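The structure under discussion appears below in the form of C-alpha coordinates.
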Amino acid sequence: MRDPLRQPHGRKFACPGGYEAFVPNPLPPPLDWGPELVGALSGADRAIGRLAGEGGRLPNPHLLLRPFVRREAVLSSRIEGTQATLGELLAAEAGTAVERSPADLREVANYVVALEYGVERLGNLPVCLRLVRELHEKLMRGVRGDAATPGEFRTSQNWIGPPGCALSKASYVPPPPEKLMECLGAWEGYLHDDSLPPLVHAALLHAQFEAIHPFLDGNGRVGRLLVTLLLTARRVLPSPLLYLSAWFEATRPEYYARLFGVTERDEWEEWLAYFLAGTAAQADDALARIRRIDELCAGWRKLLAGVRSRLPERALDLFVENPFRSVTGLAERLGVAYTSAQRALDQLESAGIVERTNEARRNRVYCARRLLEVLEEAPPLTAQVSSRARGTELP
(Lines give C-alpha, C1' and ligand atoms only; values in the text may rest on other atoms or scores of the structure.)
Protein backbone atom coordinates (compact mmCIF):
# COMPACT_ATOMS: atom_id res chain seq x y z
CA MET A 1 0.00 0.00 0.00
CA ARG A 2 1.15 3.52 -0.76
CA ASP A 3 1.73 5.82 2.20
CA PRO A 4 -1.57 7.72 2.80
CA LEU A 5 0.51 10.75 3.87
CA ARG A 6 2.02 11.20 0.45
CA GLN A 7 4.69 13.70 -0.40
CA PRO A 8 4.70 15.86 -3.55
CA HIS A 9 6.09 14.40 -6.77
CA GLY A 10 9.22 16.53 -6.57
CA ARG A 11 10.56 19.38 -4.50
CA LYS A 12 10.17 23.10 -4.13
CA PHE A 13 13.09 25.17 -5.41
CA ALA A 14 13.78 28.58 -3.89
CA CYS A 15 14.14 31.20 -6.63
CA PRO A 16 15.90 34.61 -6.51
CA GLY A 17 12.61 36.50 -6.82
CA GLY A 18 11.50 35.24 -3.42
CA TYR A 19 9.12 32.58 -4.75
CA GLU A 20 9.29 28.79 -4.87
CA ALA A 21 9.03 26.76 -8.07
CA PHE A 22 8.24 23.07 -8.32
CA VAL A 23 10.80 20.67 -9.83
CA PRO A 24 9.24 17.24 -10.48
CA ASN A 25 11.06 13.99 -9.84
CA PRO A 26 12.15 12.04 -12.93
CA LEU A 27 9.90 9.34 -14.36
CA PRO A 28 8.84 6.66 -13.68
CA PRO A 29 7.28 6.99 -10.24
CA PRO A 30 6.71 3.96 -7.99
CA LEU A 31 3.24 2.58 -8.73
CA ASP A 32 0.92 0.48 -6.61
CA TRP A 33 -0.76 -1.88 -9.08
CA GLY A 34 -3.86 -2.55 -7.03
CA PRO A 35 -7.05 -4.19 -8.39
CA GLU A 36 -8.63 -0.86 -9.44
CA LEU A 37 -5.65 0.19 -11.55
CA VAL A 38 -5.19 -3.26 -13.09
CA GLY A 39 -8.90 -3.32 -13.93
CA ALA A 40 -8.71 0.15 -15.50
CA LEU A 41 -5.79 -0.89 -17.70
CA SER A 42 -7.54 -4.11 -18.71
CA GLY A 43 -10.73 -2.22 -19.61
CA ALA A 44 -8.81 0.33 -21.67
CA ASP A 45 -6.89 -2.41 -23.50
CA ARG A 46 -10.12 -4.24 -24.36
CA ALA A 47 -11.72 -1.06 -25.70
CA ILE A 48 -8.59 -0.28 -27.75
CA GLY A 49 -8.70 -3.82 -29.13
CA ARG A 50 -12.30 -3.40 -30.25
CA LEU A 51 -11.49 -0.11 -31.96
CA ALA A 52 -8.37 -1.57 -33.59
CA GLY A 53 -10.41 -4.47 -34.95
CA GLU A 54 -13.02 -2.18 -36.46
CA GLY A 55 -10.38 0.21 -37.81
CA GLY A 56 -8.58 -2.67 -39.48
CA ARG A 57 -11.75 -3.71 -41.30
CA LEU A 58 -12.57 -0.26 -42.69
CA PRO A 59 -12.01 -0.12 -46.47
CA ASN A 60 -10.88 3.53 -46.30
CA PRO A 61 -9.90 4.41 -42.69
CA HIS A 62 -8.13 7.55 -43.93
CA LEU A 63 -11.54 9.06 -44.76
CA LEU A 64 -12.38 9.20 -41.05
CA LEU A 65 -9.02 10.54 -39.94
CA ARG A 66 -9.74 14.03 -41.26
CA PRO A 67 -12.95 14.69 -39.27
CA PHE A 68 -11.61 12.90 -36.17
CA VAL A 69 -8.45 15.03 -36.20
CA ARG A 70 -10.54 18.19 -36.50
CA ARG A 71 -12.82 17.11 -33.68
CA GLU A 72 -9.76 16.63 -31.49
CA ALA A 73 -8.45 20.07 -32.48
CA VAL A 74 -11.73 21.77 -31.60
CA LEU A 75 -12.06 20.10 -28.19
CA SER A 76 -8.42 20.48 -27.15
CA SER A 77 -8.54 24.17 -28.09
CA ARG A 78 -11.85 24.62 -26.26
CA ILE A 79 -10.15 23.63 -23.00
CA GLU A 80 -7.94 26.69 -23.51
CA GLY A 81 -10.88 29.04 -24.12
CA THR A 82 -11.62 29.02 -27.86
CA GLN A 83 -15.30 28.79 -28.82
CA ALA A 84 -15.13 27.49 -32.40
CA THR A 85 -17.29 24.45 -33.12
CA LEU A 86 -16.46 21.51 -35.33
CA GLY A 87 -19.17 22.53 -37.79
CA GLU A 88 -17.71 26.03 -38.06
CA LEU A 89 -14.21 24.71 -38.69
CA LEU A 90 -15.36 22.25 -41.34
CA ALA A 91 -17.61 24.83 -43.00
CA ALA A 92 -14.77 27.37 -43.10
CA GLU A 93 -12.47 24.80 -44.68
CA ALA A 94 -15.10 24.21 -47.37
CA GLY A 95 -15.28 27.92 -48.15
CA THR A 96 -18.38 28.94 -46.21
CA ALA A 97 -18.33 32.26 -44.36
CA VAL A 98 -18.89 31.68 -40.63
CA GLU A 99 -19.53 34.18 -37.86
CA ARG A 100 -16.90 32.79 -35.48
CA SER A 101 -13.86 34.93 -34.67
CA PRO A 102 -11.07 34.39 -37.21
CA ALA A 103 -8.62 34.20 -34.29
CA ASP A 104 -10.50 31.26 -32.78
CA LEU A 105 -10.65 29.47 -36.12
CA ARG A 106 -6.94 30.09 -36.68
CA GLU A 107 -6.04 28.55 -33.30
CA VAL A 108 -8.03 25.42 -34.07
CA ALA A 109 -6.68 25.24 -37.62
CA ASN A 110 -3.14 25.48 -36.24
CA TYR A 111 -3.83 22.48 -34.00
CA VAL A 112 -4.92 20.51 -37.07
CA VAL A 113 -1.74 21.51 -38.90
CA ALA A 114 0.43 20.57 -35.90
CA LEU A 115 -1.23 17.20 -35.37
CA GLU A 116 -1.13 16.21 -39.03
CA TYR A 117 2.48 17.40 -39.22
CA GLY A 118 3.39 15.34 -36.15
CA VAL A 119 1.82 12.13 -37.48
CA GLU A 120 3.65 12.57 -40.79
CA ARG A 121 6.92 13.46 -39.03
CA LEU A 122 6.84 10.19 -37.09
CA GLY A 123 7.82 8.51 -40.35
CA ASN A 124 11.38 9.77 -39.98
CA LEU A 125 11.67 11.24 -36.47
CA PRO A 126 10.72 9.73 -33.12
CA VAL A 127 8.91 11.74 -30.45
CA CYS A 128 11.68 13.89 -28.99
CA LEU A 129 12.33 17.46 -27.82
CA ARG A 130 13.09 18.55 -31.38
CA LEU A 131 9.66 17.37 -32.52
CA VAL A 132 8.02 18.99 -29.47
CA ARG A 133 9.51 22.34 -30.46
CA GLU A 134 8.43 21.90 -34.08
CA LEU A 135 4.88 21.11 -32.97
CA HIS A 136 4.79 24.20 -30.75
CA GLU A 137 5.94 26.38 -33.63
CA LYS A 138 3.15 25.07 -35.87
CA LEU A 139 0.59 25.46 -33.09
CA MET A 140 1.41 28.99 -31.96
CA ARG A 141 2.42 30.77 -35.15
CA GLY A 142 0.18 33.75 -35.93
CA VAL A 143 -2.18 33.38 -32.96
CA ARG A 144 -2.48 34.95 -29.52
CA GLY A 145 0.58 33.01 -28.36
CA ASP A 146 2.69 34.31 -31.24
CA ALA A 147 4.52 36.61 -28.84
CA ALA A 148 5.36 33.60 -26.66
CA THR A 149 8.34 32.56 -28.84
CA PRO A 150 6.77 29.79 -30.97
CA GLY A 151 9.02 26.74 -31.15
CA GLU A 152 11.30 27.85 -28.31
CA PHE A 153 11.44 26.62 -24.74
CA ARG A 154 10.91 29.40 -22.25
CA THR A 155 13.79 31.36 -20.72
CA SER A 156 11.64 33.10 -18.12
CA GLN A 157 9.37 31.95 -15.33
CA ASN A 158 5.74 31.13 -16.04
CA TRP A 159 3.00 30.15 -13.60
CA ILE A 160 -0.56 28.86 -13.37
CA GLY A 161 -3.43 30.68 -11.74
CA PRO A 162 -6.59 32.68 -12.44
CA PRO A 163 -6.44 35.33 -15.21
CA GLY A 164 -4.36 38.29 -14.07
CA CYS A 165 -2.93 36.33 -11.15
CA ALA A 166 0.45 37.50 -9.83
CA LEU A 167 3.31 35.06 -9.38
CA SER A 168 3.04 35.36 -5.60
CA LYS A 169 -0.61 34.17 -5.78
CA ALA A 170 -0.06 31.37 -8.31
CA SER A 171 -1.63 27.98 -7.70
CA TYR A 172 1.33 26.28 -9.37
CA VAL A 173 4.81 27.45 -10.40
CA PRO A 174 6.66 25.04 -12.74
CA PRO A 175 10.46 24.62 -12.82
CA PRO A 176 12.53 27.81 -13.05
CA PRO A 177 14.37 28.45 -16.33
CA GLU A 178 17.72 27.25 -14.96
CA LYS A 179 16.19 23.84 -14.14
CA LEU A 180 14.05 23.52 -17.27
CA MET A 181 16.46 21.69 -19.58
CA GLU A 182 17.43 19.28 -16.83
CA CYS A 183 13.75 18.36 -16.41
CA LEU A 184 13.17 18.15 -20.16
CA GLY A 185 16.27 16.00 -20.62
CA ALA A 186 14.95 13.49 -18.11
CA TRP A 187 11.52 13.61 -19.77
CA GLU A 188 13.06 12.93 -23.18
CA GLY A 189 15.09 10.07 -21.75
CA TYR A 190 11.94 8.40 -20.49
CA LEU A 191 10.39 8.61 -23.97
CA HIS A 192 12.57 5.64 -24.93
CA ASP A 193 11.60 3.47 -21.94
CA ASP A 194 9.13 0.84 -23.13
CA SER A 195 9.01 -1.18 -19.91
CA LEU A 196 5.42 -0.13 -19.15
CA PRO A 197 2.33 -0.58 -21.34
CA PRO A 198 1.94 2.17 -23.99
CA LEU A 199 -1.18 3.68 -22.37
CA VAL A 200 0.55 3.97 -18.98
CA HIS A 201 3.70 5.34 -20.63
CA ALA A 202 1.70 8.04 -22.45
CA ALA A 203 -0.24 8.97 -19.30
CA LEU A 204 2.93 9.40 -17.25
CA LEU A 205 4.60 11.49 -19.94
CA HIS A 206 1.55 13.74 -20.35
CA ALA A 207 1.29 14.55 -16.64
CA GLN A 208 5.04 15.15 -16.41
CA PHE A 209 4.99 17.44 -19.45
CA GLU A 210 2.26 19.55 -17.88
CA ALA A 211 4.21 19.71 -14.62
CA ILE A 212 7.31 20.94 -16.48
CA HIS A 213 5.28 23.47 -18.55
CA PRO A 214 8.20 24.18 -20.91
CA PHE A 215 6.60 26.92 -23.01
CA LEU A 216 5.25 30.35 -22.15
CA ASP A 217 1.92 29.39 -23.73
CA GLY A 218 0.35 26.38 -25.43
CA ASN A 219 1.54 23.73 -22.96
CA GLY A 220 -1.86 22.08 -22.56
CA ARG A 221 -2.47 21.76 -26.28
CA VAL A 222 1.04 20.47 -27.01
CA GLY A 223 0.75 18.00 -24.14
CA ARG A 224 -2.57 16.62 -25.37
CA LEU A 225 -1.29 16.49 -28.94
CA LEU A 226 1.66 14.43 -27.73
CA VAL A 227 -0.67 11.78 -26.27
CA THR A 228 -1.93 11.00 -29.79
CA LEU A 229 1.60 10.93 -31.20
CA LEU A 230 2.92 8.69 -28.42
CA LEU A 231 0.12 6.16 -28.96
CA THR A 232 0.66 6.35 -32.73
CA ALA A 233 4.41 5.81 -32.35
CA ARG A 234 3.81 2.75 -30.13
CA ARG A 235 1.32 1.40 -32.73
CA VAL A 236 -1.53 1.13 -30.25
CA LEU A 237 -3.93 1.37 -33.22
CA PRO A 238 -3.47 0.65 -36.94
CA SER A 239 -4.42 4.28 -37.63
CA PRO A 240 -4.77 7.25 -35.24
CA LEU A 241 -8.50 7.08 -34.49
CA LEU A 242 -8.26 7.60 -30.70
CA TYR A 243 -8.25 11.12 -29.25
CA LEU A 244 -8.64 12.00 -25.57
CA SER A 245 -9.40 15.73 -25.60
CA ALA A 246 -13.15 15.03 -25.73
CA TRP A 247 -12.78 13.22 -22.39
CA PHE A 248 -10.56 15.91 -20.88
CA GLU A 249 -12.93 18.66 -22.01
CA ALA A 250 -16.06 16.88 -20.80
CA THR A 251 -14.47 16.18 -17.39
CA ARG A 252 -12.38 19.33 -17.17
CA PRO A 253 -12.51 19.85 -13.38
CA GLU A 254 -11.41 16.25 -12.84
CA TYR A 255 -8.66 16.62 -15.45
CA TYR A 256 -7.11 19.56 -13.63
CA ALA A 257 -7.64 18.04 -10.20
CA ARG A 258 -5.86 14.84 -11.18
CA LEU A 259 -2.89 16.72 -12.63
CA PHE A 260 -2.60 18.80 -9.47
CA GLY A 261 -3.00 15.64 -7.40
CA VAL A 262 0.15 14.25 -9.02
CA THR A 263 2.35 17.25 -8.26
CA GLU A 264 0.91 18.00 -4.81
CA ARG A 265 0.40 14.49 -3.40
CA ASP A 266 2.09 12.04 -5.80
CA GLU A 267 -1.35 10.63 -6.76
CA TRP A 268 -0.16 8.75 -9.80
CA GLU A 269 -2.53 5.82 -9.40
CA GLU A 270 -5.54 8.16 -9.33
CA TRP A 271 -4.29 9.99 -12.42
CA LEU A 272 -3.71 6.72 -14.27
CA ALA A 273 -7.16 5.37 -13.34
CA TYR A 274 -8.72 8.58 -14.66
CA PHE A 275 -6.62 8.55 -17.85
CA LEU A 276 -7.36 4.88 -18.54
CA ALA A 277 -11.09 5.37 -17.90
CA GLY A 278 -11.01 8.16 -20.46
CA THR A 279 -9.13 5.98 -22.93
CA ALA A 280 -11.77 3.26 -22.65
CA ALA A 281 -14.60 5.78 -22.94
CA GLN A 282 -13.11 7.48 -26.00
CA ALA A 283 -12.26 4.20 -27.73
CA ASP A 284 -15.86 3.04 -27.28
CA ASP A 285 -17.12 6.45 -28.41
CA ALA A 286 -14.93 6.40 -31.54
CA LEU A 287 -16.11 2.87 -32.33
CA ALA A 288 -19.76 3.88 -31.97
CA ARG A 289 -19.29 6.90 -34.25
CA ILE A 290 -17.46 4.82 -36.88
CA ARG A 291 -20.26 2.26 -36.92
CA ARG A 292 -22.97 4.93 -37.16
CA ILE A 293 -21.17 6.65 -40.03
CA ASP A 294 -20.69 3.32 -41.78
CA GLU A 295 -24.39 2.43 -41.39
CA LEU A 296 -25.45 5.89 -42.55
CA CYS A 297 -23.30 5.69 -45.68
CA ALA A 298 -24.46 2.14 -46.43
CA GLY A 299 -28.06 3.34 -46.36
CA TRP A 300 -27.23 6.25 -48.63
CA ARG A 301 -25.49 3.98 -51.12
CA LYS A 302 -28.67 1.95 -51.36
CA LEU A 303 -30.55 5.14 -52.23
CA LEU A 304 -28.04 5.77 -55.02
CA ALA A 305 -28.16 2.23 -56.39
CA GLY A 306 -30.38 3.23 -59.29
CA VAL A 307 -28.24 6.20 -60.34
CA ARG A 308 -26.30 5.39 -63.50
CA SER A 309 -23.36 7.71 -62.80
CA ARG A 310 -20.81 6.75 -60.14
CA LEU A 311 -20.03 10.39 -59.39
CA PRO A 312 -22.63 10.78 -56.59
CA GLU A 313 -21.22 7.75 -54.77
CA ARG A 314 -17.65 9.00 -55.18
CA ALA A 315 -18.78 12.37 -53.86
CA LEU A 316 -20.34 10.64 -50.86
CA ASP A 317 -16.91 9.38 -49.74
CA LEU A 318 -15.63 12.96 -49.73
CA PHE A 319 -18.51 14.07 -47.50
CA VAL A 320 -17.21 11.57 -44.93
CA GLU A 321 -13.93 13.50 -44.91
CA ASN A 322 -15.79 16.79 -44.50
CA PRO A 323 -19.61 17.02 -44.33
CA PHE A 324 -19.35 20.41 -46.07
CA ARG A 325 -18.47 20.57 -49.77
CA SER A 326 -18.52 23.36 -52.32
CA VAL A 327 -19.20 22.66 -55.98
CA THR A 328 -15.76 23.95 -56.96
CA GLY A 329 -13.98 21.98 -54.24
CA LEU A 330 -15.83 18.80 -55.15
CA ALA A 331 -15.02 19.23 -58.85
CA GLU A 332 -11.32 19.61 -58.03
CA ARG A 333 -11.23 16.55 -55.75
CA LEU A 334 -13.13 14.36 -58.25
CA GLY A 335 -11.20 15.69 -61.23
CA VAL A 336 -14.36 16.56 -63.15
CA ALA A 337 -15.95 19.64 -64.66
CA TYR A 338 -17.90 22.07 -62.47
CA THR A 339 -21.17 21.12 -64.19
CA SER A 340 -20.56 17.41 -63.53
CA ALA A 341 -19.92 18.10 -59.83
CA GLN A 342 -23.11 20.19 -59.67
CA ARG A 343 -25.14 17.35 -61.20
CA ALA A 344 -23.74 14.90 -58.65
CA LEU A 345 -24.69 17.25 -55.82
CA ASP A 346 -28.16 17.75 -57.29
CA GLN A 347 -28.62 13.96 -57.19
CA LEU A 348 -27.41 13.77 -53.59
CA GLU A 349 -29.74 16.61 -52.68
CA SER A 350 -32.71 14.91 -54.39
CA ALA A 351 -31.97 11.75 -52.38
CA GLY A 352 -32.09 13.75 -49.14
CA ILE A 353 -28.41 13.09 -48.39
CA VAL A 354 -27.15 16.69 -48.54
CA GLU A 355 -28.68 20.14 -48.32
CA ARG A 356 -27.58 23.58 -49.43
CA THR A 357 -26.11 25.87 -46.81
CA ASN A 358 -26.23 29.04 -48.94
CA GLU A 359 -28.13 30.41 -51.89
CA ALA A 360 -25.18 31.56 -53.98
CA ARG A 361 -25.73 31.30 -57.71
CA ARG A 362 -22.16 30.05 -58.16
CA ASN A 363 -20.13 27.73 -55.96
CA ARG A 364 -22.88 26.69 -53.60
CA VAL A 365 -21.89 24.82 -50.44
CA TYR A 366 -23.71 21.65 -49.39
CA CYS A 367 -23.78 19.81 -46.08
CA ALA A 368 -24.42 16.17 -45.18
CA ARG A 369 -26.21 17.24 -42.00
CA ARG A 370 -26.69 13.79 -40.48
CA LEU A 371 -22.97 13.04 -40.82
CA LEU A 372 -22.16 16.31 -39.10
CA GLU A 373 -24.54 15.47 -36.25
CA VAL A 374 -22.74 12.17 -35.62
CA LEU A 375 -19.39 13.96 -35.46
CA GLU A 376 -20.60 16.85 -33.30
CA GLU A 377 -22.62 14.85 -30.79
CA ALA A 378 -21.28 15.23 -27.25
CA PRO A 379 -19.63 12.08 -25.86
CA PRO A 380 -21.44 10.09 -23.17
CA LEU A 381 -19.63 10.00 -19.84
CA THR A 382 -19.27 6.28 -19.36
CA ALA A 383 -16.98 6.50 -16.34
CA GLN A 384 -17.72 8.06 -12.98
CA VAL A 385 -15.62 11.11 -12.22
CA SER A 386 -14.49 11.56 -8.67
CA SER A 387 -16.34 13.77 -6.25
CA ARG A 388 -12.92 15.04 -5.19
CA ALA A 389 -12.56 17.07 -8.39
CA ARG A 390 -11.80 20.60 -7.31
CA GLY A 391 -12.71 22.45 -10.47
CA THR A 392 -9.30 24.15 -10.60
CA GLU A 393 -8.88 26.13 -13.80
CA LEU A 394 -5.61 26.45 -15.70
CA PRO A 395 -4.93 29.33 -18.07
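Residue numbering restarts at 1 for every chain of the C-alpha coordinates, chains are lettered A, B, ... in their displayed order, and ligands are numbered from 1 as they appear.
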Neighbour list for stretch 132-146 of chain A as a PyMOL selection string, cut-off 10 Å, only C-alpha atoms, skip fewer than 5 positions in-chain: chain A and resi 102-118+121+127+151-153+214-219+221-223+225-226
- prompt: Neighbours of stretch 203-208 of chain A within 10 Å (only C-alpha atoms; same-chain residues fewer than 4 positions away dropped), as number ranges by chain?
  reply: A: 9, 24-29, 183-184, 187-188, 190-191, 198-199, 212-213, 220, 222-227, 230, 258-260, 262-263, 268, 271-276
field: stretch 237-247 of chain A environment, 9 Å, only C-alpha atoms, sequence neighbours closer than 4 positions dropped, as a PyMOL selection string
entry: chain A and resi 48-49+51-53+55-56+61-62+64-65+68-69+71-77+79+119+224-225+227-229+231-232+251-252+255+275+278-279+281-283+286-287+378-379+381
- prompt: At what distance in Å, to one decimal, does atom CA of A:Arg314 lie from atom CA of A:Glu332?
  reply: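 It comes out at 12.7 Å.
Pairwise distance (atom CA of A:Leu348, atom CA of A:Leu90) equals 19.2 Å.
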message: What's around A:Glu99 at 12 Å? Count only C-alpha atoms, leave out sequence neighbours fewer than 2 positions away in its own chain, and write the answer as an NGL selection string.
response: :A and (83-85 or 87-89 or 91-92 or 96-97 or 101-105)
